[in-house]
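Text of the file model_20.csv, holding CSV, C-alpha atoms:
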chain,number,residue,atom,x,y,z
E,1,MET,CA,1.3,-14.4,-54.7
E,2,THR,CA,-0.3,-15.3,-58.1
E,3,ARG,CA,1.9,-15.6,-61.2
E,4,VAL,CA,0.9,-14.4,-64.6
E,5,GLY,CA,2.8,-15.3,-67.8
E,6,LEU,CA,2.7,-12.8,-70.8
E,7,VAL,CA,3.9,-13.4,-74.4
E,8,VAL,CA,3.3,-10.8,-77.0
E,9,ASN,CA,3.5,-11.3,-80.8
E,10,PRO,CA,4.7,-7.8,-81.7
E,11,VAL,CA,3.6,-8.0,-85.3
E,12,ALA,CA,0.1,-9.3,-84.6
E,13,GLY,CA,-2.5,-7.2,-86.3
E,14,LEU,CA,0.1,-5.1,-88.1
E,15,GLY,CA,-1.7,-5.5,-91.5
E,16,GLY,CA,-5.2,-4.6,-90.2
E,17,ARG,CA,-5.4,-0.9,-90.9
E,18,VAL,CA,-3.5,-1.0,-94.1
E,19,GLY,CA,-5.9,-3.6,-95.6
E,20,LEU,CA,-3.8,-6.8,-95.4
E,21,GLY,CA,-5.7,-9.9,-94.3
E,22,GLY,CA,-2.9,-10.8,-91.8
E,23,THR,CA,0.8,-10.6,-91.2
E,24,ASP,CA,1.8,-14.3,-91.3
E,25,GLY,CA,5.3,-14.5,-92.8
E,26,PRO,CA,8.0,-11.9,-93.1
E,27,GLU,CA,6.9,-10.8,-96.6
E,28,ASN,CA,3.5,-9.6,-95.3
E,29,ARG,CA,5.1,-8.0,-92.3
E,30,HIS,CA,7.5,-6.0,-94.4
E,31,ARG,CA,4.7,-5.0,-96.8
E,32,ALA,CA,2.6,-3.8,-93.9
E,33,LEU,CA,5.4,-1.6,-92.6
E,34,ASP,CA,6.1,-0.3,-96.1
E,35,LEU,CA,2.4,0.8,-96.3
E,36,GLY,CA,2.8,2.7,-93.1
E,37,ALA,CA,1.4,0.2,-90.5
E,38,ARG,CA,2.1,0.9,-86.9
E,39,PRO,CA,2.5,-2.0,-84.3
E,40,LEU,CA,-0.3,-2.0,-81.8
E,41,ALA,CA,0.0,-5.4,-80.1
E,42,GLY,CA,2.3,-4.0,-77.3
E,43,GLU,CA,-0.1,-1.2,-76.5
E,44,ARG,CA,-3.1,-3.5,-76.4
E,45,ALA,CA,-1.2,-5.9,-74.1
E,46,ALA,CA,-0.4,-3.0,-71.8
E,47,ALA,CA,-4.0,-2.0,-71.7
E,48,ALA,CA,-4.9,-5.5,-70.5
E,49,LEU,CA,-2.2,-5.4,-67.8
E,50,ARG,CA,-3.4,-2.0,-66.6
E,51,GLU,CA,-6.9,-3.4,-66.1
E,52,LEU,CA,-5.5,-6.4,-64.3
E,53,ARG,CA,-3.3,-4.1,-62.1
E,54,ALA,CA,-6.3,-1.9,-61.2
E,55,ARG,CA,-8.3,-4.8,-60.1
E,56,SER,CA,-5.5,-6.1,-57.9
E,57,GLY,CA,-6.1,-3.1,-55.6
E,58,THR,CA,-2.6,-1.7,-56.0
E,59,GLY,CA,-3.2,0.5,-59.0
E,60,ALA,CA,-3.6,4.3,-58.9
E,61,PRO,CA,-6.3,5.7,-56.5
E,62,GLY,CA,-9.7,5.3,-57.9
E,63,ASP,CA,-8.6,2.7,-60.5
E,64,ALA,CA,-10.0,-0.4,-58.7
E,65,VAL,CA,-13.3,-1.5,-60.3
E,66,THR,CA,-15.6,-4.5,-59.8
E,67,GLY,CA,-16.6,-7.1,-62.3
E,68,PRO,CA,-17.0,-10.9,-62.7
E,69,GLY,CA,-15.3,-12.5,-59.6
E,70,GLY,CA,-14.4,-9.1,-58.1
E,71,GLY,CA,-10.8,-7.9,-57.7
E,72,LEU,CA,-7.6,-9.7,-56.8
E,73,PRO,CA,-6.8,-9.9,-53.1
E,74,GLY,CA,-3.4,-8.8,-51.7
E,75,ALA,CA,-0.5,-7.8,-53.9
E,76,GLU,CA,-0.4,-7.4,-57.6
E,77,PRO,CA,0.6,-10.6,-59.4
E,78,GLU,CA,4.2,-11.5,-60.4
E,79,ILE,CA,4.6,-11.2,-64.2
E,80,VAL,CA,6.8,-13.6,-66.1
E,81,THR,CA,7.5,-12.7,-69.6
E,82,ALA,CA,9.8,-12.5,-72.7
E,83,ALA,CA,12.3,-9.8,-73.4
E,84,GLY,CA,11.6,-6.6,-75.4
E,85,ALA,CA,8.6,-6.3,-77.6
E,86,MET,CA,7.6,-9.9,-76.8
E,87,GLY,CA,6.4,-8.8,-73.4
E,88,ALA,CA,8.7,-6.8,-71.3
E,89,GLY,CA,7.9,-3.5,-73.0
E,90,SER,CA,4.1,-4.0,-72.4
E,91,VAL,CA,4.8,-4.8,-68.7
E,92,ALA,CA,6.8,-1.6,-68.3
E,93,ALA,CA,4.1,0.5,-70.1
E,94,ALA,CA,1.5,-0.8,-67.6
E,95,GLY,CA,3.7,0.4,-64.7
E,96,LEU,CA,4.6,-3.2,-63.6
E,97,THR,CA,7.8,-5.1,-63.3
E,98,ALA,CA,8.5,-8.5,-64.7
E,99,ARG,CA,10.9,-11.4,-64.6
E,100,VAL,CA,12.2,-12.1,-68.1
E,101,VAL,CA,12.7,-15.8,-68.9
E,102,TYR,CA,13.1,-15.8,-72.7
E,103,ALA,CA,14.9,-13.5,-75.2
E,104,PRO,CA,14.5,-13.8,-78.9
E,105,GLY,CA,17.5,-14.1,-81.2
E,106,ALA,CA,19.5,-11.3,-82.6
E,107,GLY,CA,17.7,-8.7,-84.7
E,108,ASP,CA,14.4,-6.9,-84.4
E,109,GLU,CA,12.2,-9.6,-86.0
E,110,THR,CA,10.5,-12.5,-84.2
E,111,SER,CA,9.0,-15.6,-85.6
E,112,ALA,CA,6.5,-18.3,-84.8
E,113,GLU,CA,9.4,-20.3,-83.4
E,114,ASP,CA,10.1,-17.5,-80.9
E,115,THR,CA,6.5,-17.5,-79.8
E,116,VAL,CA,6.6,-21.2,-79.2
E,117,ALA,CA,9.9,-21.0,-77.3
E,118,ALA,CA,8.7,-18.0,-75.2
E,119,VAL,CA,5.5,-19.8,-74.2
E,120,ARG,CA,7.3,-22.9,-73.2
E,121,ALA,CA,9.8,-20.9,-71.1
E,122,VAL,CA,7.1,-18.9,-69.4
E,123,VAL,CA,4.8,-21.8,-68.6
E,124,ALA,CA,7.8,-23.8,-67.2
E,125,GLU,CA,7.8,-21.2,-64.4
E,126,GLY,CA,4.5,-22.5,-63.1
E,127,VAL,CA,2.2,-19.6,-64.0
E,128,ASP,CA,-1.4,-19.5,-62.8
E,129,LEU,CA,-2.5,-18.0,-66.2
E,130,LEU,CA,-0.8,-17.4,-69.5
E,131,LEU,CA,-1.8,-14.2,-71.3
E,132,PHE,CA,-0.8,-14.0,-74.9
E,133,ALA,CA,-1.3,-11.0,-77.2
E,134,GLY,CA,-1.9,-11.9,-80.8
E,135,GLY,CA,-4.5,-13.3,-83.3
E,136,ASP,CA,-5.5,-16.7,-84.6
E,137,GLY,CA,-2.0,-17.5,-85.8
E,138,THR,CA,-0.5,-16.7,-82.4
E,139,ALA,CA,-3.2,-18.9,-80.8
E,140,ARG,CA,-2.1,-21.8,-83.0
E,141,ASP,CA,1.5,-21.2,-81.9
E,142,VAL,CA,0.4,-21.3,-78.2
E,143,LEU,CA,-1.5,-24.5,-78.9
E,144,ALA,CA,1.6,-26.1,-80.5
E,145,ALA,CA,3.9,-24.9,-77.6
E,146,LEU,CA,1.7,-26.4,-74.9
E,147,ASP,CA,1.4,-29.7,-76.8
E,148,GLY,CA,-1.1,-31.2,-74.4
E,149,VAL,CA,0.1,-29.4,-71.2
E,150,ARG,CA,-3.0,-28.1,-69.4
E,151,CYS,CA,-2.4,-24.4,-68.5
E,152,PRO,CA,-5.1,-21.7,-68.2
E,153,VAL,CA,-4.8,-19.4,-71.2
E,154,LEU,CA,-6.4,-16.2,-72.3
E,155,GLY,CA,-5.8,-14.1,-75.5
E,156,VAL,CA,-5.5,-10.4,-75.6
E,157,PRO,CA,-7.0,-9.6,-79.0
E,158,THR,CA,-4.4,-7.9,-81.2
E,159,GLY,CA,-4.7,-9.7,-84.5
E,160,VAL,CA,-6.8,-9.1,-87.7
E,161,LYS,CA,-9.3,-12.0,-87.9
E,162,MET,CA,-9.5,-13.7,-84.5
E,163,HIS,CA,-12.0,-16.4,-85.3
E,164,SER,CA,-11.0,-18.4,-82.1
E,165,ALA,CA,-12.9,-18.5,-78.9
E,166,VAL,CA,-9.8,-17.9,-76.7
E,167,PHE,CA,-9.8,-14.0,-76.6
E,168,GLY,CA,-11.3,-11.4,-74.4
E,169,VAL,CA,-13.7,-9.2,-76.3
E,170,SER,CA,-11.3,-6.3,-75.8
E,171,PRO,CA,-7.9,-5.8,-74.1
E,172,ARG,CA,-9.6,-4.4,-71.0
E,173,ALA,CA,-12.0,-7.3,-70.9
E,174,ALA,CA,-9.0,-9.7,-71.0
E,175,GLY,CA,-7.6,-7.9,-68.0
E,176,GLU,CA,-10.9,-8.1,-66.3
E,177,VAL,CA,-11.3,-11.9,-66.9
E,178,ALA,CA,-7.7,-12.5,-65.8
E,179,ALA,CA,-8.4,-10.8,-62.5
E,180,ALA,CA,-11.5,-12.8,-62.0
E,181,TRP,CA,-9.7,-16.1,-62.6
E,182,LEU,CA,-6.7,-15.2,-60.4
E,183,ALA,CA,-9.0,-14.2,-57.6
E,184,ARG,CA,-10.1,-17.9,-57.5
E,185,SER,CA,-13.7,-16.9,-57.7
E,186,GLY,CA,-15.9,-20.0,-57.6
E,187,SER,CA,-18.1,-18.5,-60.3
E,188,VAL,CA,-15.2,-18.6,-62.9
E,189,ARG,CA,-14.3,-22.0,-64.2
E,190,LEU,CA,-12.2,-23.2,-67.1
E,191,ARG,CA,-13.7,-24.4,-70.4
E,192,ASP,CA,-12.1,-25.9,-73.5
E,193,ALA,CA,-12.3,-23.2,-76.2
E,194,GLU,CA,-11.7,-23.6,-79.9
E,195,VAL,CA,-8.6,-22.5,-81.6
E,196,MET,CA,-9.7,-21.6,-85.2
E,197,ASP,CA,-8.1,-20.0,-88.2
E,198,ARG,CA,-9.3,-19.0,-91.6
E,199,ASP,CA,-9.4,-21.8,-94.1
E,200,GLU,CA,-7.3,-20.4,-97.1
E,201,ASP,CA,-8.5,-23.2,-99.5
E,202,GLU,CA,-12.2,-22.2,-98.8
E,203,LEU,CA,-11.3,-18.5,-99.2
E,204,ARG,CA,-9.7,-19.2,-102.7
E,205,ALA,CA,-13.1,-20.8,-103.6
E,206,GLY,CA,-14.9,-17.6,-102.6
E,207,ARG,CA,-16.1,-18.7,-99.2
E,208,VAL,CA,-15.2,-17.5,-95.7
E,209,ALA,CA,-14.8,-20.6,-93.4
E,210,SER,CA,-12.7,-21.5,-90.4
E,211,ARG,CA,-10.7,-24.6,-89.6
E,212,LEU,CA,-10.5,-26.1,-86.1
E,213,TYR,CA,-7.0,-26.7,-84.8
E,214,GLY,CA,-7.6,-27.7,-81.2
E,215,TRP,CA,-8.7,-26.4,-77.8
E,216,LEU,CA,-7.1,-24.3,-75.1
E,217,SER,CA,-8.3,-24.0,-71.5
E,218,VAL,CA,-9.8,-20.6,-71.0
E,219,PRO,CA,-11.6,-18.9,-68.0
E,220,ASP,CA,-15.3,-19.0,-68.8
E,221,VAL,CA,-16.8,-15.5,-68.5
E,222,PRO,CA,-19.2,-15.6,-71.5
E,223,VAL,CA,-19.9,-11.9,-71.7
E,224,ARG,CA,-16.2,-10.9,-71.7
E,225,VAL,CA,-14.7,-13.8,-73.7
E,226,GLN,CA,-15.6,-13.9,-77.3
E,227,GLN,CA,-17.4,-16.8,-79.0
E,228,ARG,CA,-15.9,-18.6,-82.0
E,229,LYS,CA,-16.8,-17.5,-85.5
E,230,THR,CA,-19.5,-19.6,-87.0
E,231,GLY,CA,-20.4,-19.9,-90.7
E,232,SER,CA,-23.4,-18.0,-91.9
E,233,THR,CA,-25.2,-17.7,-95.2
E,234,ALA,CA,-25.8,-14.3,-96.8
E,235,GLY,CA,-29.6,-14.9,-96.6
E,236,THR,CA,-32.3,-15.5,-99.1
E,237,PRO,CA,-32.4,-13.4,-102.3
E,238,GLU,CA,-35.5,-11.7,-101.0
E,239,ALA,CA,-33.9,-10.6,-97.7
E,240,VAL,CA,-30.7,-9.5,-99.4
E,241,GLY,CA,-32.6,-7.6,-102.1
E,242,GLY,CA,-34.7,-5.8,-99.4
E,243,ILE,CA,-31.5,-4.8,-97.5
E,244,ALA,CA,-29.9,-3.6,-100.7
E,245,ALA,CA,-33.0,-1.5,-101.7
E,246,GLU,CA,-33.0,0.1,-98.2
E,247,VAL,CA,-29.3,0.9,-98.4
E,248,ALA,CA,-29.8,2.5,-101.9
E,249,GLU,CA,-32.6,4.7,-100.6
E,250,ARG,CA,-30.7,5.9,-97.6
E,251,VAL,CA,-27.5,6.6,-99.4
E,252,GLY,CA,-29.1,8.1,-102.5
E,253,GLU,CA,-26.1,9.4,-104.5
E,254,GLY,CA,-22.8,9.2,-102.9
E,255,LEU,CA,-19.9,7.0,-101.8
E,256,LEU,CA,-20.4,4.0,-99.5
E,257,ALA,CA,-17.6,2.1,-97.7
E,258,LEU,CA,-18.6,-1.6,-97.5
E,259,GLY,CA,-17.1,-3.9,-94.9
E,260,PRO,CA,-16.1,-7.5,-95.5
E,261,GLY,CA,-18.3,-10.6,-95.3
E,262,SER,CA,-20.8,-12.7,-97.1
E,263,THR,CA,-23.8,-10.5,-96.2
E,264,THR,CA,-22.2,-7.3,-97.5
E,265,ARG,CA,-20.9,-9.0,-100.6
E,266,ALA,CA,-24.4,-10.3,-101.4
E,267,VAL,CA,-25.9,-6.8,-100.8
E,268,ALA,CA,-23.2,-5.3,-103.2
E,269,ALA,CA,-24.2,-7.9,-105.8
E,270,ALA,CA,-27.8,-6.9,-105.4
E,271,LEU,CA,-26.7,-3.3,-106.0
E,272,GLY,CA,-24.9,-4.4,-109.2
E,273,ALA,CA,-21.3,-4.5,-107.9
E,274,ASP,CA,-18.8,-7.3,-107.5
E,275,VAL,CA,-16.7,-6.7,-104.3
E,276,SER,CA,-14.0,-8.5,-102.4
E,277,LEU,CA,-15.0,-11.0,-99.8
E,278,THR,CA,-12.5,-10.1,-97.0
E,279,GLY,CA,-11.6,-6.5,-97.9
E,280,VAL,CA,-13.2,-3.1,-97.5
E,281,ASP,CA,-14.4,-1.6,-100.8
E,282,VAL,CA,-15.9,1.8,-101.7
E,283,LEU,CA,-19.0,1.9,-104.0
E,284,ALA,CA,-20.4,4.9,-105.9
E,285,LEU,CA,-24.2,4.7,-105.7
E,286,ARG,CA,-26.4,6.6,-108.1
E,287,PRO,CA,-30.2,6.2,-108.2
E,288,GLY,CA,-31.4,4.1,-111.1
E,289,ARG,CA,-27.9,2.8,-112.0
E,290,PRO,CA,-25.8,-0.1,-110.9
E,291,ALA,CA,-23.3,0.6,-108.1
E,292,GLU,CA,-19.7,1.0,-109.2
E,293,VAL,CA,-16.6,-0.1,-107.3
E,294,VAL,CA,-14.3,2.9,-107.1
E,295,LEU,CA,-11.9,1.5,-104.6
E,296,ARG,CA,-11.1,-2.2,-103.8
E,297,ASP,CA,-9.3,-3.7,-100.8
E,298,ALA,CA,-8.8,-0.2,-99.3
E,299,GLY,CA,-6.6,0.5,-96.3
E,300,GLU,CA,-7.2,3.3,-93.8
E,301,ASP,CA,-5.3,6.0,-95.7
E,302,ALA,CA,-7.1,5.2,-99.0
E,303,LEU,CA,-10.5,5.4,-97.2
E,304,LEU,CA,-9.6,8.7,-95.7
E,305,ALA,CA,-8.6,10.0,-99.1
E,306,ALA,CA,-11.8,8.8,-100.8
E,307,GLY,CA,-14.0,10.3,-98.1
E,308,PRO,CA,-17.1,8.0,-98.1
E,309,ARG,CA,-20.0,9.6,-96.4
E,310,TRP,CA,-21.6,6.2,-95.4
E,311,ILE,CA,-20.2,3.0,-93.9
E,312,ALA,CA,-22.1,-0.3,-94.1
E,313,LEU,CA,-21.1,-3.2,-92.0
E,314,SER,CA,-22.5,-6.6,-91.0
E,315,PRO,CA,-21.7,-8.5,-87.8
E,316,ILE,CA,-19.5,-11.6,-87.7
E,317,GLY,CA,-21.6,-14.7,-87.5
E,318,GLY,CA,-21.6,-16.3,-84.0
E,319,GLN,CA,-19.4,-13.6,-82.5
E,320,GLY,CA,-21.5,-10.5,-83.1
E,321,PHE,CA,-18.5,-8.3,-83.7
E,322,LEU,CA,-19.3,-5.2,-85.8
E,323,LEU,CA,-16.0,-3.3,-85.5
E,324,GLY,CA,-12.5,-4.4,-84.6
E,325,ARG,CA,-12.4,-7.8,-86.1
E,326,GLY,CA,-11.3,-8.2,-89.7
E,327,ASN,CA,-12.3,-4.6,-90.6
E,328,GLN,CA,-9.6,-2.5,-88.8
E,329,GLN,CA,-9.2,-0.4,-92.0
E,330,ILE,CA,-12.5,1.3,-90.9
E,331,SER,CA,-10.5,3.0,-88.1
E,332,PRO,CA,-11.7,5.6,-85.6
E,333,ARG,CA,-10.4,8.3,-88.0
E,334,VAL,CA,-12.4,6.9,-90.9
E,335,LEU,CA,-15.5,6.5,-88.8
E,336,ARG,CA,-15.3,10.1,-87.5
E,337,ALA,CA,-14.6,11.5,-91.0
E,338,ALA,CA,-17.7,9.8,-92.4
E,339,GLY,CA,-19.9,11.3,-89.7
E,340,GLY,CA,-19.8,8.8,-86.9
E,341,ARG,CA,-22.8,7.0,-85.6
E,342,ASP,CA,-25.4,8.7,-87.8
E,343,ARG,CA,-23.6,7.5,-91.0
E,344,LEU,CA,-23.1,3.9,-89.9
E,345,LEU,CA,-25.5,1.3,-91.6
E,346,VAL,CA,-25.7,-2.1,-89.9
E,347,LEU,CA,-26.8,-4.8,-92.2
E,348,CYS,CA,-28.0,-8.2,-91.0
E,349,THR,CA,-30.7,-10.7,-92.0
E,350,GLU,CA,-33.3,-11.5,-89.3
E,351,GLU,CA,-32.0,-15.1,-89.3
E,352,LYS,CA,-28.4,-14.1,-88.6
E,353,LEU,CA,-29.5,-11.6,-85.9
E,354,ALA,CA,-31.6,-14.3,-84.2
E,355,SER,CA,-28.6,-16.7,-84.2
E,356,LEU,CA,-26.9,-14.4,-81.6
E,357,SER,CA,-29.6,-15.5,-79.1
E,358,GLY,CA,-29.9,-12.0,-77.6
E,359,ARG,CA,-26.1,-11.4,-77.1
E,360,PRO,CA,-25.2,-7.8,-78.0
E,361,LEU,CA,-23.3,-6.7,-81.0
E,362,LEU,CA,-19.7,-5.9,-80.1
E,363,LEU,CA,-17.1,-3.2,-80.9
E,364,ASP,CA,-13.4,-2.9,-80.1
E,365,THR,CA,-12.1,0.1,-82.1
E,366,GLY,CA,-9.2,0.8,-79.7
E,367,ASP,CA,-10.6,4.3,-79.1
E,368,GLU,CA,-12.5,4.4,-75.8
E,369,ALA,CA,-14.2,7.8,-76.6
E,370,LEU,CA,-15.5,6.5,-79.9
E,371,ASP,CA,-16.6,3.2,-78.3
E,372,ALA,CA,-18.6,5.2,-75.8
E,373,GLU,CA,-20.2,7.3,-78.5
E,374,LEU,CA,-21.2,4.2,-80.5
E,375,THR,CA,-22.4,2.2,-77.5
E,376,GLY,CA,-26.2,1.9,-77.2
E,377,HIS,CA,-29.0,0.7,-79.4
E,378,LEU,CA,-28.6,1.0,-83.1
E,379,PRO,CA,-31.1,0.3,-85.9
E,380,VAL,CA,-30.1,-2.8,-87.8
E,381,ILE,CA,-31.4,-3.0,-91.4
E,382,THR,CA,-33.0,-6.4,-91.9
E,383,GLY,CA,-35.0,-5.8,-95.1
E,384,ARG,CA,-36.9,-3.2,-97.1
E,385,ARG,CA,-38.2,-0.7,-94.7
E,386,ARG,CA,-37.5,-3.2,-91.9
E,387,THR,CA,-35.2,-2.4,-89.0
E,388,SER,CA,-34.6,-3.8,-85.5
E,389,LEU,CA,-33.1,-1.9,-82.6
E,390,TYR,CA,-30.2,-3.9,-81.3
E,391,ARG,CA,-27.7,-3.2,-78.5
E,392,LEU,CA,-24.0,-2.4,-79.4
E,393,THR,CA,-21.4,-2.5,-76.6
E,394,THR,CA,-17.8,-3.1,-75.8

Please lay out the structure from this file as structure tokens.
Amino acid sequence: MTRVGLVVNPVAGLGGRVGLGGTDGPENRHRALDLGARPLAGERAAAALRELRARSGTGAPGDAVTGPGGGLPGAEPEIVTAAGAMGAGSVAAAGLTARVVYAPGAGDETSAEDTVAAVRAVVAEGVDLLLFAGGDGTARDVLAALDGVRCPVLGVPTGVKMHSAVFGVSPRAAGEVAAAWLARSGSVRLRDAEVMDRDEDELRAGRVASRLYGWLSVPDVPVRVQQRKTGSTAGTPEAVGGIAAEVAERVGEGLLALGPGSTTRAVAAALGADVSLTGVDVLALRPGRPAEVVLRDAGEDALLAAGPRWIALSPIGGQGFLLGRGNQQISPRVLRAAGGRDRLLVLCTEEKLASLSGRPLLLDTGDEALDAELTGHLPVITGRRRTSLYRLTT
């Protein structure tokens, strides 16, 4: 029987939809809850486990599917985890049972120290794979807990930023990769993947950059495990100006929600507006006049109240993520309210698009029906009256 460890950071990603850049530290956690945030890490961990269970051949009839490495032979794996929201709750939600080897201290709150202690307790049981649900901060905690111990690791993406290359591209993809690794398929090997996190010093200087903290051993399934974020420039003034002119013509007069990133910020500047680098802003566009910022660093509720009819996003450099990484404020409800696929503008310079080397753009909205609606080829605005049809998938 194979043995899988699971550790969940229950507050990972808590600040995403309410417009906070992350939830490191108790102050941000409390602020997110005060703003109406709802924990999602446990649900996403359970989704990964359900996929793993289906591929073990012991899930509900018709659940078993194929993928990299096929399914797990024999019985479903034994799950070793931490108590409550740090893992046991997700295991139960997936219809599995678990052996609990760590319980956090008294109270409802957990800390980075709890994550480290839980990882060490789980790995001490001799697991074949450690699944952890969290973001870049959680990945750093896992790295610190292992402290040189070589154990196969895979992240279930539940954080806000997730610049690291240790996560499945979605919770279901994480379950798929876990099953492929546990099946001992010869086609799946381990690789050393980067643990990254946003460099706050660079951010204060007006630049988005990542810092390397180390490497974790991750099953190598390139299409289902995300790449690390790489730095990218906004593009030449000519390219950015062309994209801005195309956006202005398509929107005409109206409200435009603009996602985070250096490309979108440069486009906003070309339209005459100064927007945040890591937040979601709403611009009022009027022909012949500079754009006006009417909402800055907006969360999901504020976006729904403002009612923008257009949404403009740019993919993350190196990863190709368009939705679900760093812009969770643009939720399924916001996307549907704006008009869905027909009101989504994808902005990317030709150079940045070429750097993906043919890999598709990615989405992980948490809403399978919306993901299915958005999947396919979308026009990407690369300049004035210039578009490229590019594939968007989960």

Need the shell around Gln319 (chain E): protein/DNA/RNA residues with any atom at most 7 Å away, counting all atoms listed in the file. Skip same-chain ones fewer than 6 positions apart. Format as a VMD selection string? chain E and resid 226 to 229

Residue with smallest distance to Gly214 (chain E) - pool E:Ala144, E:Ala37, E:Ala179, E:Ala47, counting all atoms listed in the file: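 Looking only at the distances to Gly214 (chain E), the closest residue turns out to be E:Ala144.
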
For Val177 (chain E), which residue among E:Asp136, E:Glu351, E:Asp220, E:Glu300 is the nearest when counting all atoms listed in the file? E:Asp220

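For the residues E:Gly259, E:Pro219, E:Gly105, E:Gly383, ranking by smallest atom-to-atom distance to Thr236 (chain E) using all atoms listed in the file places E:Gly383 first.
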
Option closest in space to Leu361 (chain E), from E:Ser187, E:Thr387, E:Thr382, E:Ser314 [counting all atoms listed in the file]: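 Between E:Ser187, E:Thr387, E:Thr382, E:Ser314, the residue approaching Leu361 (chain E) most closely is E:Ser314.
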
So what do you get for CA of Gly155 (chain E) versus CA of Gly299 (chain E), distance-wise?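 Between these atoms lies a distance of 25.4 Å.
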
Residue contacts of region 261-277 of chain E (7 Å, all atoms listed in the file) excluding same-chain residues fewer than 6 positions away, as a PyMOL selection string: chain E and resi 233-234+240-241+243-244+290-293+297+313-314

Which of E:Thr278, E:Asn9, E:Ser210, E:Ser170 sits closest to Arg224 (chain E) [using only C-alpha atoms]: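 Residue with the minimum atom-to-atom distance to Arg224 (chain E): E:Ser170.
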
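The gap separating CA of Arg198 (chain E) from CA of Pro39 (chain E) is 21.9 Å, in Å to one decimal.
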
Straight-line distance linking CA of Val122 (chain E) with CA of Ala94 (chain E), stated in Å to one decimal: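 Here the two named atoms are 19.0 Å from each other.
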